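Colleague: For reference, the file start_38.csv (CSV, C-alpha atoms) is included below:
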```csv
chain,number,residue,atom,x,y,z
A,1,MET,CA,80.8,19.2,121.4
A,2,ASP,CA,77.5,20.5,119.9
A,3,ARG,CA,74.1,19.0,120.3
A,4,GLU,CA,74.0,17.7,116.7
A,5,THR,CA,77.1,15.6,117.5
A,6,VAL,CA,75.8,14.4,120.9
A,7,VAL,CA,72.4,13.1,119.7
A,8,PRO,CA,73.7,10.7,116.9
A,9,SER,CA,76.3,9.5,119.3
A,10,ARG,CA,73.7,8.7,122.0
A,11,ARG,CA,71.5,7.0,119.4
A,12,ARG,CA,74.4,4.8,118.2
A,13,HIS,CA,75.2,3.9,121.8
A,14,SER,CA,71.6,3.0,122.5
A,15,ARG,CA,71.3,0.9,119.4
A,16,SER,CA,74.6,-0.8,120.1
A,17,SER,CA,73.7,-1.5,123.7
A,18,ILE,CA,70.3,-3.0,122.8
A,19,TYR,CA,71.8,-5.3,120.1
A,20,ARG,CA,74.7,-6.4,122.2
A,21,TYR,CA,72.5,-7.1,125.1
A,22,LEU,CA,70.3,-9.3,123.0
A,23,TYR,CA,73.3,-11.0,121.5
A,24,SER,CA,74.6,-12.1,124.9
A,25,ALA,CA,71.2,-12.8,126.5
A,26,LYS,CA,70.7,-16.3,127.8
A,27,ASP,CA,67.2,-15.8,129.3
A,28,PHE,CA,63.9,-14.4,128.1
A,29,CYS,CA,64.2,-10.8,127.0
A,30,SER,CA,61.3,-8.4,126.4
A,31,ARG,CA,61.0,-4.8,125.4
A,32,GLN,CA,60.3,-4.0,129.0
A,33,SER,CA,63.3,-5.9,130.4
A,34,LEU,CA,65.5,-4.2,127.9
A,35,ALA,CA,64.4,-0.8,129.0
A,36,ARG,CA,64.9,-1.8,132.7
A,37,GLU,CA,68.3,-3.5,132.3
A,38,LEU,CA,69.8,-0.8,130.1
A,39,GLY,CA,68.2,2.2,131.8
A,40,LEU,CA,66.6,3.4,128.6
A,41,SER,CA,63.1,4.8,128.1
A,42,LEU,CA,60.5,2.6,126.4
A,43,PRO,CA,60.1,5.0,123.4
A,44,THR,CA,63.9,4.8,122.8
A,45,VAL,CA,63.8,1.0,123.0
A,46,TYR,CA,60.9,0.8,120.6
A,47,GLN,CA,62.5,3.1,118.1
A,48,ASN,CA,65.8,1.2,118.0
A,49,LEU,CA,64.1,-2.2,117.9
A,50,SER,CA,62.0,-1.0,115.0
A,51,GLU,CA,65.1,0.1,113.1
A,52,LEU,CA,67.0,-3.2,113.9
A,53,MET,CA,64.0,-5.2,112.8
A,54,GLU,CA,63.7,-3.3,109.5
A,55,GLU,CA,67.4,-4.2,108.9
A,56,GLY,CA,66.7,-7.9,109.6
A,57,LEU,CA,69.0,-8.0,112.5
A,58,ILE,CA,66.5,-8.9,115.3
A,59,ARG,CA,63.1,-10.5,115.5
A,60,ASP,CA,60.3,-11.5,117.8
A,61,SER,CA,61.4,-14.9,119.1
A,62,GLY,CA,57.8,-16.1,119.4
A,63,LYS,CA,58.3,-16.8,123.1
A,64,GLN,CA,56.0,-15.2,125.6
A,65,GLN,CA,56.3,-14.8,129.4
A,66,SER,CA,53.6,-13.7,131.8
A,67,THR,CA,54.3,-10.5,133.6
A,68,GLY,CA,51.2,-10.8,135.9
A,69,GLY,CA,49.0,-9.3,133.3
A,70,ARG,CA,49.4,-9.2,129.5
A,71,LYS,CA,52.1,-11.6,128.3
A,72,ALA,CA,55.3,-10.0,126.9
A,73,SER,CA,56.8,-11.3,123.7
A,74,GLY,CA,60.5,-12.2,123.6
A,75,LEU,CA,63.2,-10.8,121.3
A,76,SER,CA,66.3,-12.3,119.8
A,77,ILE,CA,68.9,-11.6,117.2
A,78,VAL,CA,68.8,-13.1,113.7
A,79,PRO,CA,72.0,-15.2,113.8
A,80,ASP,CA,72.3,-15.6,110.0
A,81,ALA,CA,71.7,-11.9,109.2
A,82,ARG,CA,75.4,-11.7,108.7
A,83,MET,CA,78.1,-14.4,108.3
A,84,ALA,CA,81.8,-14.7,107.9
A,85,VAL,CA,84.2,-17.3,106.3
A,86,GLY,CA,87.4,-18.5,107.9
A,87,ILE,CA,90.2,-20.3,106.0
A,88,SER,CA,93.0,-22.2,107.7
A,89,VAL,CA,96.0,-22.7,105.4
A,90,THR,CA,98.6,-25.4,106.1
A,91,GLU,CA,101.2,-27.0,103.9
A,92,ASN,CA,98.9,-29.7,102.6
A,93,ARG,CA,95.3,-28.6,103.0
A,94,LEU,CA,92.8,-25.8,103.4
A,95,ARG,CA,90.0,-25.9,106.0
A,96,MET,CA,87.1,-23.5,105.2
A,97,VAL,CA,84.2,-22.8,107.5
A,98,ALA,CA,81.3,-20.4,107.3
A,99,VAL,CA,79.8,-19.2,110.6
A,100,ASP,CA,76.9,-17.0,111.6
A,101,LEU,CA,77.0,-14.3,114.1
A,102,CYS,CA,76.7,-16.8,117.0
A,103,LEU,CA,79.7,-18.8,115.6
A,104,ARG,CA,77.4,-21.7,114.6
A,105,GLU,CA,78.8,-23.5,111.6
A,106,LEU,CA,76.8,-23.1,108.4
A,107,ALA,CA,79.3,-25.1,106.2
A,108,TYR,CA,82.7,-26.8,106.4
A,109,GLN,CA,85.0,-28.2,103.9
A,110,LYS,CA,88.5,-29.6,103.8
A,111,LEU,CA,90.6,-29.6,100.7
A,112,VAL,CA,93.9,-31.3,100.1
A,113,THR,CA,96.5,-29.2,98.3
A,114,GLU,CA,99.6,-30.1,96.5
A,115,PRO,CA,102.5,-30.3,99.0
A,116,ASN,CA,104.8,-28.2,97.0
A,117,ILE,CA,102.4,-25.6,95.6
A,118,ASN,CA,104.1,-22.2,95.1
A,119,PHE,CA,102.9,-19.6,97.5
A,120,SER,CA,102.6,-17.1,94.7
A,121,GLU,CA,100.0,-19.4,93.1
A,122,MET,CA,98.2,-20.1,96.3
A,123,GLY,CA,96.1,-16.9,96.0
A,124,GLY,CA,94.4,-17.9,92.8
A,125,PHE,CA,93.7,-21.4,94.0
A,126,LEU,CA,92.4,-20.0,97.3
A,127,ALA,CA,90.0,-17.6,95.6
A,128,GLN,CA,88.7,-20.3,93.3
A,129,ALA,CA,88.2,-22.7,96.1
A,130,LEU,CA,86.4,-20.0,98.1
A,131,GLU,CA,83.9,-19.2,95.4
A,132,GLN,CA,83.2,-22.9,94.9
A,133,PHE,CA,82.6,-23.2,98.6
A,134,LEU,CA,80.2,-20.3,98.7
A,135,ASP,CA,78.3,-21.7,95.7
A,136,ASP,CA,78.1,-25.2,96.9
A,137,ASN,CA,76.8,-24.1,100.3
A,138,ARG,CA,74.5,-21.3,99.0
A,139,ILE,CA,76.2,-18.7,101.1
A,140,ASP,CA,74.5,-15.3,100.5
A,141,ARG,CA,77.4,-13.0,99.5
A,142,GLU,CA,75.3,-10.0,100.4
A,143,ARG,CA,75.4,-11.1,104.0
A,144,LEU,CA,79.1,-12.0,104.0
A,145,LEU,CA,81.1,-9.7,106.3
A,146,GLY,CA,84.5,-10.9,105.1
A,147,VAL,CA,87.0,-13.7,104.8
A,148,GLY,CA,89.6,-14.4,107.3
A,149,VAL,CA,92.8,-16.3,106.4
A,150,ALA,CA,94.9,-18.0,109.1
A,151,LEU,CA,98.5,-19.0,108.4
A,152,PRO,CA,101.0,-21.0,110.5
A,153,GLY,CA,103.4,-18.1,110.6
A,154,ILE,CA,104.4,-14.8,112.1
A,155,ILE,CA,102.3,-12.0,110.5
A,156,THR,CA,103.9,-8.5,110.5
A,157,LEU,CA,102.2,-5.5,112.0
A,158,GLY,CA,99.5,-4.4,109.6
A,159,GLY,CA,99.2,-7.9,108.1
A,160,GLY,CA,101.1,-7.1,104.9
A,161,ARG,CA,103.8,-9.8,105.2
A,162,VAL,CA,104.6,-13.1,106.8
A,163,SER,CA,108.0,-12.9,108.3
A,164,SER,CA,108.4,-16.6,109.0
A,165,ALA,CA,106.3,-19.7,108.4
A,166,PRO,CA,108.6,-22.8,108.6
A,167,THR,CA,105.9,-25.4,107.7
A,168,LEU,CA,105.1,-23.3,104.6
A,169,HIS,CA,108.8,-22.7,103.8
A,170,LEU,CA,108.2,-19.0,103.8
A,171,ARG,CA,110.3,-16.1,105.1
A,172,ASN,CA,109.6,-12.4,104.7
A,173,ALA,CA,107.0,-13.0,102.0
A,174,SER,CA,104.3,-10.6,100.8
A,175,LEU,CA,100.7,-11.6,101.4
A,176,ASP,CA,99.4,-9.7,98.4
A,177,ASN,CA,99.5,-12.7,96.1
A,178,LEU,CA,97.5,-14.6,98.6
A,179,THR,CA,94.7,-12.1,99.1
A,180,GLN,CA,94.4,-9.8,96.1
A,181,SER,CA,92.2,-12.3,94.1
A,182,ILE,CA,89.6,-12.4,96.9
A,183,PRO,CA,86.8,-9.9,96.1
A,184,TYR,CA,85.7,-9.5,99.7
A,185,PRO,CA,87.2,-7.8,102.8
A,186,VAL,CA,90.2,-10.0,103.9
A,187,TYR,CA,91.9,-10.3,107.2
A,188,VAL,CA,95.1,-12.4,107.7
A,189,GLU,CA,96.2,-13.6,111.1
A,190,ASN,CA,98.4,-16.2,112.7
A,191,ASP,CA,96.6,-19.5,113.1
A,192,ALA,CA,97.2,-20.1,116.8
A,193,THR,CA,96.2,-16.4,117.6
A,194,SER,CA,93.0,-17.0,115.7
A,195,GLY,CA,92.2,-20.2,117.6
A,196,GLY,CA,93.0,-18.7,120.9
A,197,TYR,CA,90.8,-15.7,120.4
A,198,ALA,CA,87.9,-18.0,119.4
A,199,GLU,CA,88.4,-20.1,122.5
A,200,TRP,CA,88.5,-17.0,124.7
A,201,PHE,CA,85.4,-15.6,123.0
A,202,THR,CA,83.3,-18.7,123.8
A,203,ARG,CA,84.5,-19.0,127.4
A,204,SER,CA,82.0,-17.8,130.0
A,205,ASP,CA,84.6,-16.6,132.6
A,206,LYS,CA,86.5,-14.3,130.1
A,207,GLN,CA,89.7,-14.5,132.2
A,208,SER,CA,93.3,-14.4,130.9
A,209,MET,CA,94.5,-17.6,129.3
A,210,VAL,CA,97.1,-19.2,127.1
A,211,TYR,CA,96.1,-21.2,124.1
A,212,LEU,CA,98.4,-23.9,123.0
A,213,SER,CA,97.6,-25.1,119.4
A,214,LEU,CA,98.6,-28.7,118.4
A,215,GLU,CA,98.3,-29.2,114.7
A,216,ASN,CA,100.9,-30.0,112.0
A,217,GLY,CA,102.9,-27.3,113.8
A,218,VAL,CA,102.7,-26.1,117.4
A,219,GLY,CA,101.9,-22.5,118.2
A,220,GLY,CA,100.0,-20.5,120.7
A,221,ALA,CA,98.5,-17.3,121.9
A,222,VAL,CA,98.5,-15.2,125.1
A,223,LEU,CA,95.3,-13.4,125.8
A,224,PHE,CA,95.0,-11.0,128.7
A,225,HIS,CA,91.3,-10.6,129.3
A,226,GLY,CA,90.7,-11.1,125.6
A,227,VAL,CA,93.4,-8.8,124.3
A,228,PRO,CA,96.2,-10.8,122.5
A,229,TYR,CA,99.7,-10.0,123.7
A,230,VAL,CA,101.8,-10.2,120.5
A,231,GLY,CA,105.1,-9.1,121.9
A,232,ASP,CA,107.6,-6.5,120.6
A,233,ASN,CA,108.3,-8.5,117.4
A,234,ARG,CA,104.9,-10.2,117.1
A,235,ARG,CA,106.4,-13.5,118.2
A,236,SER,CA,104.6,-14.0,121.5
A,237,GLY,CA,103.1,-17.4,121.8
A,238,GLU,CA,105.6,-19.2,119.6
A,239,PHE,CA,105.6,-22.0,122.2
A,240,GLY,CA,106.4,-24.6,119.5
A,241,HIS,CA,110.0,-23.3,119.5
A,242,MET,CA,110.7,-23.4,123.2
A,243,CYS,CA,113.4,-26.0,123.9
A,244,VAL,CA,112.1,-29.0,125.8
A,245,GLU,CA,115.0,-31.3,125.1
A,246,THR,CA,118.5,-29.9,124.8
A,247,GLY,CA,120.2,-31.4,121.7
A,248,GLY,CA,116.9,-33.3,120.9
A,249,LEU,CA,115.0,-33.9,117.7
A,250,PRO,CA,115.5,-31.6,114.8
A,251,CYS,CA,112.9,-28.9,114.2
A,252,LYS,CA,111.9,-27.3,110.9
A,253,CYS,CA,113.1,-24.0,112.3
A,254,GLY,CA,116.7,-25.3,112.1
A,255,ARG,CA,117.1,-25.9,115.8
A,256,GLN,CA,116.9,-29.0,118.0
A,257,GLY,CA,114.7,-30.0,120.8
A,258,CYS,CA,111.8,-27.7,120.1
A,259,LEU,CA,108.3,-28.6,121.5
A,260,GLU,CA,107.1,-28.7,117.9
A,261,ALA,CA,109.6,-31.4,117.0
A,262,TYR,CA,108.1,-33.6,119.8
A,263,CYS,CA,104.4,-32.6,119.9
A,264,SER,CA,103.2,-31.9,116.4
A,265,ALA,CA,100.8,-34.0,114.4
A,266,ASN,CA,103.5,-34.5,111.8
A,267,ARG,CA,105.7,-36.4,114.3
A,268,ILE,CA,103.0,-39.1,114.8
A,269,SER,CA,101.6,-39.1,111.3
A,270,ASN,CA,103.7,-37.8,108.4
A,271,ASP,CA,107.0,-38.8,109.9
A,272,LEU,CA,105.7,-42.4,110.3
A,273,GLY,CA,103.9,-42.5,107.0
A,274,ILE,CA,100.5,-43.3,108.6
A,275,THR,CA,97.3,-41.4,109.4
A,276,LEU,CA,96.5,-40.1,112.9
A,277,LYS,CA,93.7,-42.6,113.1
A,278,GLU,CA,96.0,-45.5,112.3
A,279,PHE,CA,98.5,-44.3,114.9
A,280,PHE,CA,96.0,-44.0,117.7
A,281,ALA,CA,94.4,-47.3,116.8
A,282,ARG,CA,97.8,-48.9,117.3
A,283,VAL,CA,98.3,-47.1,120.6
A,284,ALA,CA,94.9,-48.4,121.7
A,285,ARG,CA,96.0,-51.9,120.8
A,286,HIS,CA,99.1,-51.4,123.0
A,287,ASP,CA,101.5,-51.7,120.2
A,288,LEU,CA,104.7,-51.1,122.2
A,289,GLU,CA,106.5,-49.0,119.6
A,290,TYR,CA,103.6,-46.6,119.2
A,291,GLU,CA,102.8,-46.5,122.9
A,292,ILE,CA,106.4,-45.5,123.7
A,293,LEU,CA,106.3,-42.7,121.2
A,294,TRP,CA,102.9,-41.5,122.4
A,295,HIS,CA,104.0,-41.3,126.1
A,296,ASP,CA,107.2,-39.5,125.0
A,297,PHE,CA,104.9,-37.1,123.2
A,298,LEU,CA,102.8,-36.5,126.3
A,299,ARG,CA,105.8,-36.1,128.6
A,300,HIS,CA,107.4,-33.4,126.4
A,301,LEU,CA,104.0,-31.8,126.1
A,302,ALA,CA,103.7,-31.7,129.9
A,303,ILE,CA,107.1,-30.0,130.1
A,304,GLY,CA,106.0,-27.3,127.6
A,305,ILE,CA,102.7,-26.8,129.5
A,306,ASN,CA,104.5,-26.5,132.8
A,307,ASN,CA,106.9,-23.9,131.4
A,308,ILE,CA,104.0,-21.9,130.2
A,309,ARG,CA,102.1,-22.1,133.5
A,310,MET,CA,105.2,-21.2,135.5
A,311,ALA,CA,105.9,-18.2,133.4
A,312,LEU,CA,102.4,-16.8,133.0
A,313,ASP,CA,100.4,-18.3,135.9
A,314,CYS,CA,97.0,-18.5,134.1
A,315,ASP,CA,94.9,-21.2,132.5
A,316,VAL,CA,96.3,-23.2,129.6
A,317,VAL,CA,93.9,-24.4,127.0
A,318,LEU,CA,94.9,-27.1,124.5
A,319,GLY,CA,93.4,-26.6,121.0
A,320,GLY,CA,94.0,-27.7,117.4
A,321,PHE,CA,92.8,-30.8,115.6
A,322,LEU,CA,95.2,-33.1,117.5
A,323,THR,CA,93.4,-32.5,120.8
A,324,GLU,CA,90.4,-34.7,119.9
A,325,TYR,CA,92.9,-37.6,120.1
A,326,ILE,CA,94.2,-36.5,123.5
A,327,VAL,CA,90.8,-36.8,125.2
A,328,PRO,CA,91.3,-40.4,126.4
A,329,TYR,CA,94.8,-39.5,127.7
A,330,PHE,CA,94.0,-36.1,129.2
A,331,SER,CA,94.0,-37.3,132.8
A,332,GLN,CA,97.4,-38.8,132.2
A,333,LEU,CA,98.7,-35.6,130.7
A,334,LYS,CA,97.5,-33.7,133.7
A,335,GLU,CA,99.4,-36.2,136.0
A,336,TYR,CA,102.6,-35.6,134.0
A,337,ALA,CA,102.2,-31.9,134.2
A,338,ALA,CA,101.4,-31.9,137.9
A,339,ALA,CA,104.3,-34.1,138.7
A,340,ILE,CA,106.8,-31.5,137.6
A,341,ASN,CA,105.0,-28.4,138.9
A,342,SER,CA,106.0,-26.8,142.2
A,343,PHE,CA,102.6,-25.2,142.9
A,344,ASP,CA,99.8,-27.0,141.1
A,345,PRO,CA,99.5,-30.6,142.4
A,346,ASN,CA,96.4,-31.3,140.3
A,347,ALA,CA,97.0,-29.3,137.1
A,348,ASP,CA,93.5,-28.0,137.2
A,349,TYR,CA,94.6,-25.0,135.3
A,350,LEU,CA,94.8,-27.2,132.1
A,351,HIS,CA,91.8,-27.5,129.8
A,352,LEU,CA,90.8,-28.9,126.4
A,353,SER,CA,89.4,-26.5,123.8
A,354,THR,CA,85.7,-26.6,123.4
A,355,LEU,CA,86.0,-25.9,119.6
A,356,ARG,CA,88.6,-28.6,118.9
A,357,ARG,CA,89.2,-29.1,115.2
A,358,HIS,CA,87.7,-25.9,113.7
A,359,ALA,CA,89.0,-23.4,116.3
A,360,VAL,CA,91.4,-21.8,113.8
A,361,PRO,CA,89.1,-21.1,110.9
A,362,ILE,CA,86.3,-20.1,113.2
A,363,GLY,CA,88.7,-17.8,115.1
A,364,VAL,CA,89.9,-15.9,112.0
A,365,ALA,CA,86.3,-15.5,110.8
A,366,LEU,CA,85.5,-14.2,114.3
A,367,HIS,CA,87.5,-11.0,113.4
A,368,PHE,CA,84.7,-9.8,111.2
A,369,ILE,CA,81.9,-10.8,113.6
A,370,ALA,CA,83.6,-9.0,116.5
A,371,ASP,CA,84.1,-5.9,114.3
A,372,PHE,CA,80.4,-6.1,113.4
A,373,LEU,CA,79.4,-6.3,117.0
A,374,GLU,CA,81.7,-3.4,117.9
A,375,HIS,CA,80.2,-1.1,115.3
A,376,ILE,CA,76.6,-2.2,115.1
```
For the file at hand, write its structure as structure tokens.
Modeller:
Amino acid sequence: MDRETVVPSRRRHSRSSIYRYLYSAKDFCSRQSLARELGLSLPTVYQNLSELMEEGLIRDSGKQQSTGGRKASGLSIVPDARMAVGISVTENRLRMVAVDLCLRELAYQKLVTEPNINFSEMGGFLAQALEQFLDDNRIDRERLLGVGVALPGIITLGGGRVSSAPTLHLRNASLDNLTQSIPYPVYVENDATSGGYAEWFTRSDKQSMVYLSLENGVGGAVLFHGVPYVGDNRRSGEFGHMCVETGGLPCKCGRQGCLEAYCSANRISNDLGITLKEFFARVARHDLEYEILWHDFLRHLAIGINNIRMALDCDVVLGGFLTEYIVPYFSQLKEYAAAINSFDPNADYLHLSTLRRHAVPIGVALHFIADFLEHI
């Protein structure tokens, strides 16, 4: 490798190290502390900071800290220098979120869609809704890194097709009609994988974890130190279709007794013809019929959680919009899980997502932010 190749590589590495350090910094950070912590010379730090400031990516934070003599000024990234949009597609609605580089929500919108809309027509509708969303919330398209689309289905390697999506009534369908009308970089991913990655990204311990998504369908993701394990056929984490009751309730996949048949939002909302709020209001009033159904839900969920824990022996995080209703019953769920586990008497491995309702669209938008951070 010649010198001309080495120097640019070193410069890129220094630039990346400085920006990523500031991105992750929790405490006061000055030019001097950057040089010290990263092992860089002050001239190198000053040169890279100057370039990053000219690009609008970092700024003086206005904070100052005494160093025993002259006060040093602090530095921080500019969170909204870039942004990304995530869209979660389900059989009856779209959820769109715009986030900045720190995953702070800039805008959110939910749209109800026609229940029987043709998938080939979804792309045009999606593109139109996206443009309206960007206009309504004054999102600067020049700063837009890309648009992530999350689907409740198995996405093939390369993202060109969805091999199976029971709630969308899709099998071996091309994604071209969904994405070709969007005039920005597009990334398509499974919804639970997206939510799981977002949850892992925001956790401080960054350990391996399983994400169990509870929405209209039930899915999940397995992340080994942040790297999704997708399996040989990209079907890893399809926890919704593990059997928790032999010969039990019918599932949309065509089988019986799946976790999704017992623990999806559809079971306690659409199937009963009421909203989730109405259902849980009746549970809170101790309406016997609804209490029985809810405890049956929790017991089957505990079986699924225990199976995951026994197989993978790592933390299990519950996510998806249904988890906000589980909060008052979380201790009870942990008791159910602990009662059937041979090794974990307290089920302390079980956690609720910190992102809750918007983990999926945030997670699929995170693809572009993570890529930006990787190549800054």
Colleague: Report as a list in words all protein, DNA and RNA residues lying within 10 Å of Gly153 (chain A), evaluated on only C-alpha atoms, omitting residues in the same chain fewer than 6 positions from it.
Modeller: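 Near neighbours after the sequence-gap exclusion: Thr90, Arg161, Val162, Ser163, Ser164, Ala165, Pro166, Thr167, Leu168, His169, Leu170, Arg171, Glu189, Asn190, Asp191, Ala192, Gly217, Gly219, Arg235 and Glu238 of chain A.
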Colleague: Could you give me, as JSON lines, every region 99-128 of chain A residue with an atom at most 9 Å from region 181-187 of chain A, plus its closest atom pair and distance in Å to one decimal, counting only C-alpha atoms, rows ordered by chain then number?
Modeller:
```
{"residue": "A:Gly123", "atom": "CA", "partner": "A:Ser181", "partner_atom": "CA", "distance": 6.3}
{"residue": "A:Gly124", "atom": "CA", "partner": "A:Ser181", "partner_atom": "CA", "distance": 6.2}
{"residue": "A:Leu126", "atom": "CA", "partner": "A:Ile182", "partner_atom": "CA", "distance": 8.1}
{"residue": "A:Ala127", "atom": "CA", "partner": "A:Ile182", "partner_atom": "CA", "distance": 5.4}
{"residue": "A:Gln128", "atom": "CA", "partner": "A:Ile182", "partner_atom": "CA", "distance": 8.7}
```
Colleague: Would you save the residues of that selection, restricted to C-alpha atoms, as an mmCIF file, in the coordinates of the input?
Modeller:
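This is the output file result-v4.cif:
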```
data_model
loop_
_atom_site.group_PDB
_atom_site.id
_atom_site.type_symbol
_atom_site.label_atom_id
_atom_site.label_comp_id
_atom_site.auth_asym_id
_atom_site.auth_seq_id
_atom_site.Cartn_x
_atom_site.Cartn_y
_atom_site.Cartn_z
ATOM 1 C CA GLY A 123 96.100 -16.900 96.000
ATOM 2 C CA GLY A 124 94.400 -17.900 92.800
ATOM 3 C CA LEU A 126 92.400 -20.000 97.300
ATOM 4 C CA ALA A 127 90.000 -17.600 95.600
ATOM 5 C CA GLN A 128 88.700 -20.300 93.300
#
```
Colleague: Any idea what's packed within 12 Å of Leu212 (chain A), counting only C-alpha atoms, ignoring anything in its chain fewer than 2 positions away? Could you give it as a PyMOL selection string?
Modeller: chain A and resi 191-197+199+209-210+214-215+217-223+236-240+259-260+263-264+301-302+304-309+315-323+350-353+356+359-360
Colleague: What's the 8 Å shell around Asp176 (chain A), counting all atoms listed in the file, without same-chain residues fewer than 3 positions away, as a PyMOL selection string?
Modeller: chain A and resi 160+179-180
Colleague: From (63.6, -0.9, 120.4), in the file's coordinates, out to 10 Å: which residues are reached, counting only C-alpha atoms? Answer as a PDB file with C-alpha atoms, in the frame of the given file.
Modeller:
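Result file part-v4.pdb:
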```
ATOM      1  CA  SER A  14      71.600   3.000 122.500  1.00  0.00           C
ATOM      2  CA  ARG A  15      71.300   0.900 119.400  1.00  0.00           C
ATOM      3  CA  ILE A  18      70.300  -3.000 122.800  1.00  0.00           C
ATOM      4  CA  TYR A  19      71.800  -5.300 120.100  1.00  0.00           C
ATOM      5  CA  SER A  30      61.300  -8.400 126.400  1.00  0.00           C
ATOM      6  CA  ARG A  31      61.000  -4.800 125.400  1.00  0.00           C
ATOM      7  CA  GLN A  32      60.300  -4.000 129.000  1.00  0.00           C
ATOM      8  CA  LEU A  34      65.500  -4.200 127.900  1.00  0.00           C
ATOM      9  CA  ALA A  35      64.400  -0.800 129.000  1.00  0.00           C
ATOM     10  CA  LEU A  40      66.600   3.400 128.600  1.00  0.00           C
ATOM     11  CA  SER A  41      63.100   4.800 128.100  1.00  0.00           C
ATOM     12  CA  LEU A  42      60.500   2.600 126.400  1.00  0.00           C
ATOM     13  CA  PRO A  43      60.100   5.000 123.400  1.00  0.00           C
ATOM     14  CA  THR A  44      63.900   4.800 122.800  1.00  0.00           C
ATOM     15  CA  VAL A  45      63.800   1.000 123.000  1.00  0.00           C
ATOM     16  CA  TYR A  46      60.900   0.800 120.600  1.00  0.00           C
ATOM     17  CA  GLN A  47      62.500   3.100 118.100  1.00  0.00           C
ATOM     18  CA  ASN A  48      65.800   1.200 118.000  1.00  0.00           C
ATOM     19  CA  LEU A  49      64.100  -2.200 117.900  1.00  0.00           C
ATOM     20  CA  SER A  50      62.000  -1.000 115.000  1.00  0.00           C
ATOM     21  CA  GLU A  51      65.100   0.100 113.100  1.00  0.00           C
ATOM     22  CA  LEU A  52      67.000  -3.200 113.900  1.00  0.00           C
ATOM     23  CA  MET A  53      64.000  -5.200 112.800  1.00  0.00           C
ATOM     24  CA  ILE A  58      66.500  -8.900 115.300  1.00  0.00           C
ATOM     25  CA  LEU A  75      63.200 -10.800 121.300  1.00  0.00           C
TER      26      LEU A  75
END
```
Colleague: Show me that you can extract region 284-326 of chain A, keeping C-alpha atoms, and write it as a PDB file, in the first residue's frame.
Modeller:
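Saved result, decode.pdb, follows:
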```pdb
ATOM      1  CA  ALA A 284     -59.792  -3.084  34.318  1.00  0.00           C
ATOM      2  CA  ARG A 285     -63.496  -3.209  35.284  1.00  0.00           C
ATOM      3  CA  HIS A 286     -63.081  -6.953  35.950  1.00  0.00           C
ATOM      4  CA  ASP A 287     -65.455  -7.989  33.216  1.00  0.00           C
ATOM      5  CA  LEU A 288     -65.117 -11.765  33.642  1.00  0.00           C
ATOM      6  CA  GLU A 289     -65.242 -12.696  29.942  1.00  0.00           C
ATOM      7  CA  TYR A 290     -62.459 -10.281  29.055  1.00  0.00           C
ATOM      8  CA  GLU A 291     -60.388 -11.059  32.150  1.00  0.00           C
ATOM      9  CA  ILE A 292     -60.417 -14.754  31.259  1.00  0.00           C
ATOM     10  CA  LEU A 293     -59.287 -14.031  27.709  1.00  0.00           C
ATOM     11  CA  TRP A 294     -56.546 -11.671  28.889  1.00  0.00           C
ATOM     12  CA  HIS A 295     -55.118 -14.148  31.401  1.00  0.00           C
ATOM     13  CA  ASP A 296     -55.197 -16.828  28.712  1.00  0.00           C
ATOM     14  CA  PHE A 297     -53.246 -14.387  26.531  1.00  0.00           C
ATOM     15  CA  LEU A 298     -50.645 -13.835  29.280  1.00  0.00           C
ATOM     16  CA  ARG A 299     -50.247 -17.535  30.052  1.00  0.00           C
ATOM     17  CA  HIS A 300     -49.630 -18.454  26.418  1.00  0.00           C
ATOM     18  CA  LEU A 301     -47.270 -15.491  26.084  1.00  0.00           C
ATOM     19  CA  ALA A 302     -45.349 -16.791  29.108  1.00  0.00           C
ATOM     20  CA  ILE A 303     -45.028 -20.193  27.412  1.00  0.00           C
ATOM     21  CA  GLY A 304     -43.592 -18.566  24.305  1.00  0.00           C
ATOM     22  CA  ILE A 305     -41.206 -16.415  26.344  1.00  0.00           C
ATOM     23  CA  ASN A 306     -40.029 -19.417  28.342  1.00  0.00           C
ATOM     24  CA  ASN A 307     -39.376 -21.414  25.164  1.00  0.00           C
ATOM     25  CA  ILE A 308     -37.239 -18.567  23.819  1.00  0.00           C
ATOM     26  CA  ARG A 309     -35.310 -18.215  27.069  1.00  0.00           C
ATOM     27  CA  MET A 310     -34.654 -21.958  27.331  1.00  0.00           C
ATOM     28  CA  ALA A 311     -33.429 -22.144  23.733  1.00  0.00           C
ATOM     29  CA  LEU A 312     -31.275 -19.006  23.570  1.00  0.00           C
ATOM     30  CA  ASP A 313     -30.429 -18.153  27.218  1.00  0.00           C
ATOM     31  CA  CYS A 314     -30.356 -14.361  26.818  1.00  0.00           C
ATOM     32  CA  ASP A 315     -32.533 -11.373  27.679  1.00  0.00           C
ATOM     33  CA  VAL A 316     -35.985 -11.227  26.116  1.00  0.00           C
ATOM     34  CA  VAL A 317     -37.405  -7.783  25.317  1.00  0.00           C
ATOM     35  CA  LEU A 318     -41.108  -7.326  24.591  1.00  0.00           C
ATOM     36  CA  GLY A 319     -41.861  -4.660  21.993  1.00  0.00           C
ATOM     37  CA  GLY A 320     -44.575  -3.532  19.628  1.00  0.00           C
ATOM     38  CA  PHE A 321     -47.572  -1.287  20.254  1.00  0.00           C
ATOM     39  CA  LEU A 322     -49.330  -3.911  22.373  1.00  0.00           C
ATOM     40  CA  THR A 323     -46.686  -3.684  25.111  1.00  0.00           C
ATOM     41  CA  GLU A 324     -47.959  -0.325  26.371  1.00  0.00           C
ATOM     42  CA  TYR A 325     -51.064  -2.179  27.575  1.00  0.00           C
ATOM     43  CA  ILE A 326     -48.985  -4.899  29.243  1.00  0.00           C
TER      44      ILE A 326
END
```
